[in-house]
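Coordinates as given in entry25.txt (compact mmCIF, C-alpha atoms):
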```
# COMPACT_ATOMS: atom_id res chain seq x y z
CA MET A 1 20.43 -4.84 -15.23
CA THR A 2 17.17 -3.73 -16.83
CA LEU A 3 15.71 -7.15 -16.24
CA ALA A 4 16.67 -6.93 -12.56
CA VAL A 5 14.97 -3.54 -12.25
CA PHE A 6 11.90 -4.90 -14.01
CA LEU A 7 11.73 -7.94 -11.75
CA THR A 8 12.20 -5.84 -8.61
CA LEU A 9 9.40 -3.48 -9.61
CA ALA A 10 7.17 -6.36 -10.66
CA VAL A 11 7.63 -8.24 -7.37
CA ALA A 12 7.14 -5.01 -5.42
CA SER A 13 3.90 -4.18 -7.23
CA LEU A 14 2.54 -7.70 -6.81
CA VAL A 15 3.42 -7.85 -3.11
CA PHE A 16 1.96 -4.41 -2.39
CA ALA A 17 -1.19 -5.24 -4.37
CA LEU A 18 -1.67 -8.45 -2.39
CA LEU A 19 -1.08 -6.60 0.88
CA MET A 20 -3.59 -3.99 -0.24
CA VAL A 21 -6.21 -6.69 -0.75
CA LEU A 22 -5.42 -8.68 2.37
CA THR A 23 -4.88 -6.03 5.03
CA LYS A 24 -7.79 -5.37 7.33
CA ASN A 25 -7.47 -1.64 7.88
CA PRO A 26 -8.77 0.46 4.94
CA VAL A 27 -6.15 3.17 5.58
CA HIS A 28 -3.38 0.59 5.18
CA SER A 29 -5.09 -0.51 1.97
CA VAL A 30 -4.83 3.03 0.62
CA VAL A 31 -1.14 3.25 1.53
CA PHE A 32 -0.33 -0.12 -0.07
CA LEU A 33 -2.25 0.83 -3.22
CA LEU A 34 -0.20 4.04 -3.32
CA LEU A 35 3.02 1.97 -3.17
CA THR A 36 1.69 -0.26 -5.96
CA PHE A 37 1.06 2.84 -8.07
CA PHE A 38 4.63 4.01 -7.46
CA ALA A 39 5.95 0.64 -8.61
CA ILE A 40 3.81 0.89 -11.76
CA ALA A 41 5.15 4.41 -12.33
CA GLY A 42 8.62 2.88 -12.16
CA GLN A 43 7.59 0.47 -14.90
CA TYR A 44 6.48 3.42 -17.04
CA VAL A 45 9.88 5.05 -16.54
CA LEU A 46 11.51 1.76 -17.51
CA LEU A 47 9.41 1.70 -20.68
CA ASN A 48 10.54 5.28 -21.43
CA ALA A 49 6.92 6.44 -21.22
CA GLN A 50 7.95 9.54 -19.30
CA PHE A 51 4.75 11.48 -19.88
CA LEU A 52 2.67 8.58 -18.58
CA ALA A 53 4.92 8.16 -15.54
CA VAL A 54 4.50 11.80 -14.53
CA VAL A 55 0.76 11.86 -15.25
CA HIS A 56 0.32 8.59 -13.37
CA ILE A 57 2.00 10.00 -10.28
CA ILE A 58 0.06 13.27 -10.48
CA VAL A 59 -3.36 11.75 -11.17
CA TYR A 60 -3.25 8.60 -9.07
CA ALA A 61 -0.88 9.36 -6.21
CA GLY A 62 -1.71 13.05 -6.15
CA ALA A 63 -5.42 13.18 -6.79
CA VAL A 64 -7.26 9.87 -6.70
CA MET A 65 -5.59 8.38 -3.64
CA VAL A 66 -5.86 11.65 -1.70
CA LEU A 67 -9.55 11.64 -2.59
CA PHE A 68 -9.90 8.08 -1.31
CA LEU A 69 -8.04 8.88 1.89
CA PHE A 70 -10.11 12.02 2.36
CA VAL A 71 -13.40 10.13 2.01
CA LEU A 72 -12.08 7.41 4.33
CA MET A 73 -11.34 9.99 7.00
CA LEU A 74 -14.61 11.83 6.33
CA LEU A 75 -16.65 8.68 6.83
CA ASN A 76 -14.49 7.73 9.83
CA LEU A 77 -13.84 4.25 8.48
CA ASN A 78 -10.23 4.15 9.66
CA THR A 79 -11.00 1.44 12.17
CA GLU A 80 -10.94 -2.28 11.62
CA ALA A 81 -14.72 -2.30 11.67
CA GLU A 82 -15.10 -3.98 8.32
CA PRO A 83 -17.00 -7.26 8.73
CA ARG A 84 -15.00 -10.18 7.41
CA GLN A 85 -16.04 -12.65 4.79
CA THR A 86 -16.47 -16.26 5.75
CA ALA A 87 -13.56 -18.61 5.10
CA ARG A 88 -15.54 -20.54 2.50
CA TRP A 89 -16.26 -17.36 0.54
CA LYS A 90 -12.57 -16.38 0.69
CA LEU A 91 -11.59 -19.79 -0.64
CA ALA A 92 -14.12 -19.47 -3.46
CA ALA A 93 -12.83 -15.99 -4.33
CA ALA A 94 -9.22 -17.21 -4.35
CA LEU A 95 -10.21 -20.15 -6.58
CA ALA A 96 -12.16 -17.93 -8.96
CA SER A 97 -9.44 -15.34 -9.40
CA GLY A 98 -6.75 -18.02 -9.60
CA MET A 99 -8.63 -19.80 -12.35
CA LEU A 100 -9.11 -16.49 -14.17
CA PHE A 101 -5.34 -15.99 -13.98
CA LEU A 102 -4.62 -19.50 -15.27
CA THR A 103 -7.12 -19.05 -18.10
CA LEU A 104 -5.62 -15.71 -19.12
CA ILE A 105 -2.10 -17.15 -19.07
CA GLY A 106 -3.19 -20.23 -21.02
CA VAL A 107 -4.97 -18.19 -23.67
CA LEU A 108 -2.14 -15.70 -24.05
CA ARG A 109 0.54 -18.38 -24.28
CA GLY A 110 -1.36 -20.03 -27.12
CA GLY A 111 -1.26 -16.92 -29.30
CA THR A 112 1.39 -15.99 -31.81
CA GLN A 113 4.53 -14.63 -30.26
CA LEU A 114 5.31 -10.99 -30.83
CA PRO A 115 8.73 -10.91 -32.49
CA ILE A 116 11.35 -8.81 -30.78
CA PRO A 117 11.27 -5.58 -32.78
CA GLU A 118 14.35 -4.78 -34.85
CA ASN A 119 14.55 -1.20 -33.73
CA THR A 120 12.17 0.83 -31.62
CA ASP A 121 11.68 4.55 -31.54
CA PRO A 122 12.79 5.72 -28.07
CA HIS A 123 10.98 9.04 -28.48
CA VAL A 124 7.50 7.57 -28.65
CA GLY A 125 6.67 8.17 -24.99
CA LEU A 126 8.04 11.69 -24.71
CA VAL A 127 5.81 14.69 -24.17
CA ARG A 128 6.66 16.25 -27.53
CA ASN A 129 5.59 13.22 -29.54
CA LEU A 130 2.53 12.37 -27.46
CA GLY A 131 1.34 15.96 -27.49
CA LYS A 132 1.61 16.05 -31.25
CA VAL A 133 -0.46 12.87 -31.59
CA LEU A 134 -2.95 13.99 -28.96
CA PHE A 135 -3.64 17.33 -30.59
CA THR A 136 -3.76 16.13 -34.19
CA ASP A 137 -5.26 12.63 -34.40
CA PHE A 138 -7.08 12.64 -31.07
CA VAL A 139 -8.46 16.17 -30.78
CA VAL A 140 -12.11 15.10 -30.72
CA PRO A 141 -11.64 12.45 -27.98
CA PHE A 142 -9.61 15.00 -26.03
CA GLU A 143 -12.47 17.51 -26.12
CA VAL A 144 -14.99 14.78 -25.28
CA ALA A 145 -12.82 13.91 -22.27
CA GLY A 146 -13.11 17.54 -21.18
CA ILE A 147 -16.91 17.33 -21.40
CA LEU A 148 -16.81 14.05 -19.47
CA PHE A 149 -14.83 15.75 -16.71
CA LEU A 150 -17.32 18.59 -16.57
CA ALA A 151 -20.20 16.12 -16.31
CA ALA A 152 -18.37 14.11 -13.63
CA MET A 153 -17.62 17.26 -11.66
CA VAL A 154 -21.24 18.44 -11.75
CA GLY A 155 -22.47 14.93 -10.95
CA ALA A 156 -20.10 14.49 -8.00
CA VAL A 157 -21.04 17.86 -6.53
CA LEU A 158 -24.75 17.16 -6.97
CA LEU A 159 -24.43 13.70 -5.42
CA ALA A 160 -22.37 14.70 -2.42
CA LYS A 161 -24.24 17.93 -1.72
CA ARG A 162 -26.50 17.94 1.31
CA GLU A 163 -30.08 18.50 0.26
CA VAL A 164 -31.46 21.92 1.11
CA ARG A 165 -35.03 21.89 2.25
CA MET B 1 16.84 1.13 -29.35
CA LEU B 2 15.57 0.93 -25.83
CA ASP B 3 17.32 -1.28 -23.33
CA VAL B 4 14.06 -2.67 -21.95
CA VAL B 5 12.93 -3.98 -25.34
CA LYS B 6 16.14 -5.95 -25.70
CA SER B 7 16.34 -7.43 -22.21
CA VAL B 8 12.73 -7.87 -21.04
CA PRO B 9 10.42 -10.01 -23.20
CA VAL B 10 6.98 -8.49 -23.68
CA ASP B 11 5.49 -11.69 -22.24
CA TYR B 12 6.75 -10.68 -18.80
CA TYR B 13 4.62 -7.55 -18.96
CA LEU B 14 1.69 -9.70 -20.09
CA TRP B 15 2.05 -11.98 -17.07
CA LEU B 16 2.58 -9.11 -14.64
CA SER B 17 -0.54 -7.37 -15.91
CA CYS B 18 -2.59 -10.57 -15.72
CA ALA B 19 -1.44 -11.13 -12.14
CA LEU B 20 -2.25 -7.56 -11.09
CA PHE B 21 -5.66 -7.78 -12.76
CA CYS B 22 -6.47 -11.04 -10.99
CA ILE B 23 -5.39 -9.60 -7.64
CA GLY B 24 -7.85 -6.78 -8.34
CA VAL B 25 -10.61 -9.31 -9.09
CA PHE B 26 -9.72 -11.17 -5.89
CA GLY B 27 -9.98 -7.96 -3.90
CA VAL B 28 -13.37 -7.11 -5.41
CA LEU B 29 -14.59 -10.56 -4.40
CA ILE B 30 -13.32 -10.72 -0.82
CA ARG B 31 -13.62 -7.16 0.48
CA ARG B 32 -16.89 -5.89 1.89
CA ASN B 33 -16.00 -2.23 2.22
CA ALA B 34 -17.27 -0.42 -0.88
CA LEU B 35 -14.36 2.02 -0.76
CA VAL B 36 -11.79 -0.78 -0.92
CA VAL B 37 -13.77 -2.41 -3.75
CA LEU B 38 -13.45 0.85 -5.71
CA MET B 39 -9.70 0.81 -5.02
CA CYS B 40 -9.45 -2.73 -6.38
CA VAL B 41 -11.20 -1.57 -9.55
CA GLU B 42 -8.54 1.14 -9.86
CA LEU B 43 -5.88 -1.56 -9.55
CA MET B 44 -7.50 -3.53 -12.40
CA LEU B 45 -7.54 -0.41 -14.59
CA ASN B 46 -3.86 0.11 -13.81
CA ALA B 47 -2.99 -3.43 -14.84
CA VAL B 48 -4.56 -2.78 -18.24
CA ASN B 49 -2.80 0.59 -18.49
CA LEU B 50 0.57 -1.03 -17.86
CA LEU B 51 0.02 -3.57 -20.62
CA LEU B 52 -1.08 -0.89 -23.08
CA ALA B 53 2.02 1.17 -22.31
CA ALA B 54 4.26 -1.88 -22.68
CA PHE B 55 2.85 -2.81 -26.08
CA SER B 56 3.00 0.83 -27.14
CA THR B 57 6.71 0.93 -26.39
CA TYR B 58 7.46 -2.44 -27.95
CA LEU B 59 5.62 -1.54 -31.18
CA SER B 60 6.77 2.13 -31.22
CA ASP B 61 3.15 3.20 -31.54
CA ALA B 62 2.03 6.25 -29.59
CA GLN B 63 -1.65 5.38 -29.80
CA GLY B 64 -1.42 2.91 -26.91
CA GLN B 65 -0.11 5.62 -24.61
CA ILE B 66 -2.83 8.01 -25.77
CA LEU B 67 -5.36 5.32 -24.84
CA VAL B 68 -3.75 5.02 -21.40
CA PHE B 69 -4.16 8.77 -21.03
CA PHE B 70 -7.88 8.52 -21.79
CA ILE B 71 -8.31 5.57 -19.43
CA MET B 72 -6.74 7.69 -16.69
CA VAL B 73 -9.23 10.46 -17.48
CA VAL B 74 -12.17 8.07 -17.23
CA ALA B 75 -10.76 6.46 -14.06
CA ALA B 76 -10.43 9.83 -12.37
CA ALA B 77 -14.00 10.75 -13.30
CA GLU B 78 -15.20 7.34 -12.13
CA ALA B 79 -13.43 7.72 -8.78
CA ALA B 80 -14.95 11.16 -8.23
CA VAL B 81 -18.51 10.08 -9.04
CA GLY B 82 -18.14 6.77 -7.19
CA LEU B 83 -16.91 8.47 -4.04
CA GLY B 84 -19.73 11.02 -4.32
CA ILE B 85 -22.25 8.19 -4.46
CA LEU B 86 -20.52 6.50 -1.54
CA VAL B 87 -20.63 9.62 0.62
CA MET B 88 -24.34 10.00 -0.14
CA ILE B 89 -25.02 6.32 0.66
CA PHE B 90 -23.09 6.61 3.91
CA ARG B 91 -25.07 9.70 4.87
CA ASN B 92 -28.35 7.82 4.37
CA THR B 93 -27.48 4.37 5.71
CA HIS B 94 -24.37 4.92 7.90
CA THR B 95 -22.59 1.94 6.33
CA THR B 96 -20.37 1.12 3.37
CA ASP B 97 -20.77 -2.63 3.70
CA ILE B 98 -21.74 -3.86 0.26
CA TYR B 99 -23.76 -6.69 1.80
CA LEU B 100 -26.15 -4.18 3.33
CA LEU B 101 -26.39 -2.10 0.16
CA ASP B 102 -28.82 -4.35 -1.70
CA LYS B 103 -31.85 -2.06 -1.73
CA LEU B 104 -32.18 -2.33 -5.52
CA ARG B 105 -32.54 -6.09 -5.36
CA ASN B 106 -36.33 -6.48 -5.19
```
Once more with this new file: its structure as C-alpha cells, please.
Amino acid sequence: MTLAVFLTLAVASLVFALLMVLTKNPVHSVVFLLLTFFAIAGQYVLLNAQFLAVVHIIVYAGAVMVLFLFVLMLLNLNTEAEPRQTARWKLAAALASGMLFLTLIGVLRGGTQLPIPENTDPHVGLVRNLGKVLFTDFVVPFEVAGILFLAAMVGAVLLAKREVR
Amino acid sequence: MLDVVKSVPVDYYLWLSCALFCIGVFGVLIRRNALVVLMCVELMLNAVNLLLAAFSTYLSDAQGQILVFFIMVVAAAEAAVGLGILVMIFRNTHTTDIYLLDKLRN
C-alpha cells in the first residue's frame, strides 16, 4: 500500500516535471511545477515529515510560485513567444542530462547499501521535535537565515525599484 | 516504526531524486526563457530536499530536515533576488531570452 502510494507520487512528480520542462507556454510551466511540488509534498507526508510538508506547501506553492506567476504576468510573457532551441542542441541537452543521470545511478549503486533500520523514531519530523532542534542546536544558523532574508528583501526591492532621477 | 521505512527501500528515493535533478538540468539546458531556467533550478533544489528528508527519516536524524528548512530559506531568497534582477533586465532590454543576455561576455 505504502509502496503503491510512493510509486504513484513518484511517477506523478516525474511526469509533471518533464511536462514543465517540455511545454512551450511559461504559464503552463508554472502550473506543472506547482503540481510537481504538490507531489513532493505528498512524499514528505509519506515520510512523516509533517513540518516539512506544510512548510513546503506554504513556501513553494504559496509564495515562490505566486511570485513567479506574478512576474510572468508583469512581464507579459504568457505567450508562446519563447524562441526554440535547435533540434541538435535539444539532442545534446538530452544526452548530457541522461549521461549525468546514468553516472549518478552508477556511482550510487556502487556504494555500500544502507541497512534497513531496526526501528525508526516516528516523531523525528514533527513540529515539536524539529522546533526543539532548531532552537537549541541551530540557533545561530536560524538567526543568520533571518539576516539573509533581510538582505534579500532589501536587495530585491533595490533591484526592482525604478530609478528616480 | 514507520510504514514507509519497511516497505520502500531508500534506494527508490535516491533514484527518484536523481531523476528529478536530471530533469532540472535538462530544463536549464533546453529552455531559453530565464524565468523558466530559474524554475528548473528550483526543481533541482527540491530534488535534493527530498533526498535529505528521506535519509533523515530513515536514519531518525532531525538534522537532515533542519538542513531542508535552511535550503528552503535560501531558495526563497534566491527566487526573490533572481526575479528582481530579471524584472530589472526586462525593463532595460525588453527580453528574458538568455541568448541575448550575454553583455558580460566581452
B:Glu42, B:Lys103, B:Met88, B:Ile30 ranked by distance to A:Glu163, top pick (using only C-alpha atoms): B:Met88
Go through chain A residue by residue and, counting all atoms listed in the file, keep those with an atom at most 6 Å from chain B; for each kept residue give the shortest atom pair and its distance in Å to one decimal, ordered by chain and increasing number, as a tab-separated table.
```
residue	atom	partner	partner_atom	distance
A:Leu3	CA	B:Val8	CA	5.7
A:Val21	CA	B:Gly27	CA	5.1
A:Lys90	CA	B:Ile30	CA	5.9
A:Ala93	CA	B:Leu29	CA	5.7
A:Ser97	CA	B:Phe26	CA	5.5
A:Phe101	CA	B:Cys22	CA	5.9
A:Asn119	CA	B:Met1	CA	5.5
A:Thr120	CA	B:Met1	CA	5.2
A:Asp121	CA	B:Ser60	CA	5.5
A:Pro122	CA	B:Leu2	CA	6.0
A:Val124	CA	B:Ala62	CA	5.7
A:Ala152	CA	B:Ala77	CA	5.5
A:Ala156	CA	B:Val81	CA	4.8
A:Leu159	CA	B:Gly84	CA	5.5
A:Ala160	CA	B:Gly84	CA	4.9
```
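Note that the spacing between atom CA of A:Lys132 and atom CA of A:Pro115 amounts to 27.9 Å.
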Between atom CA of A:Trp89 and atom CA of A:His28 - distance in Å to one decimal: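 Those two atoms sit 22.6 Å apart.
Atom CA of A:Thr2 is found 24.1 Å from atom CA of A:Asn129.
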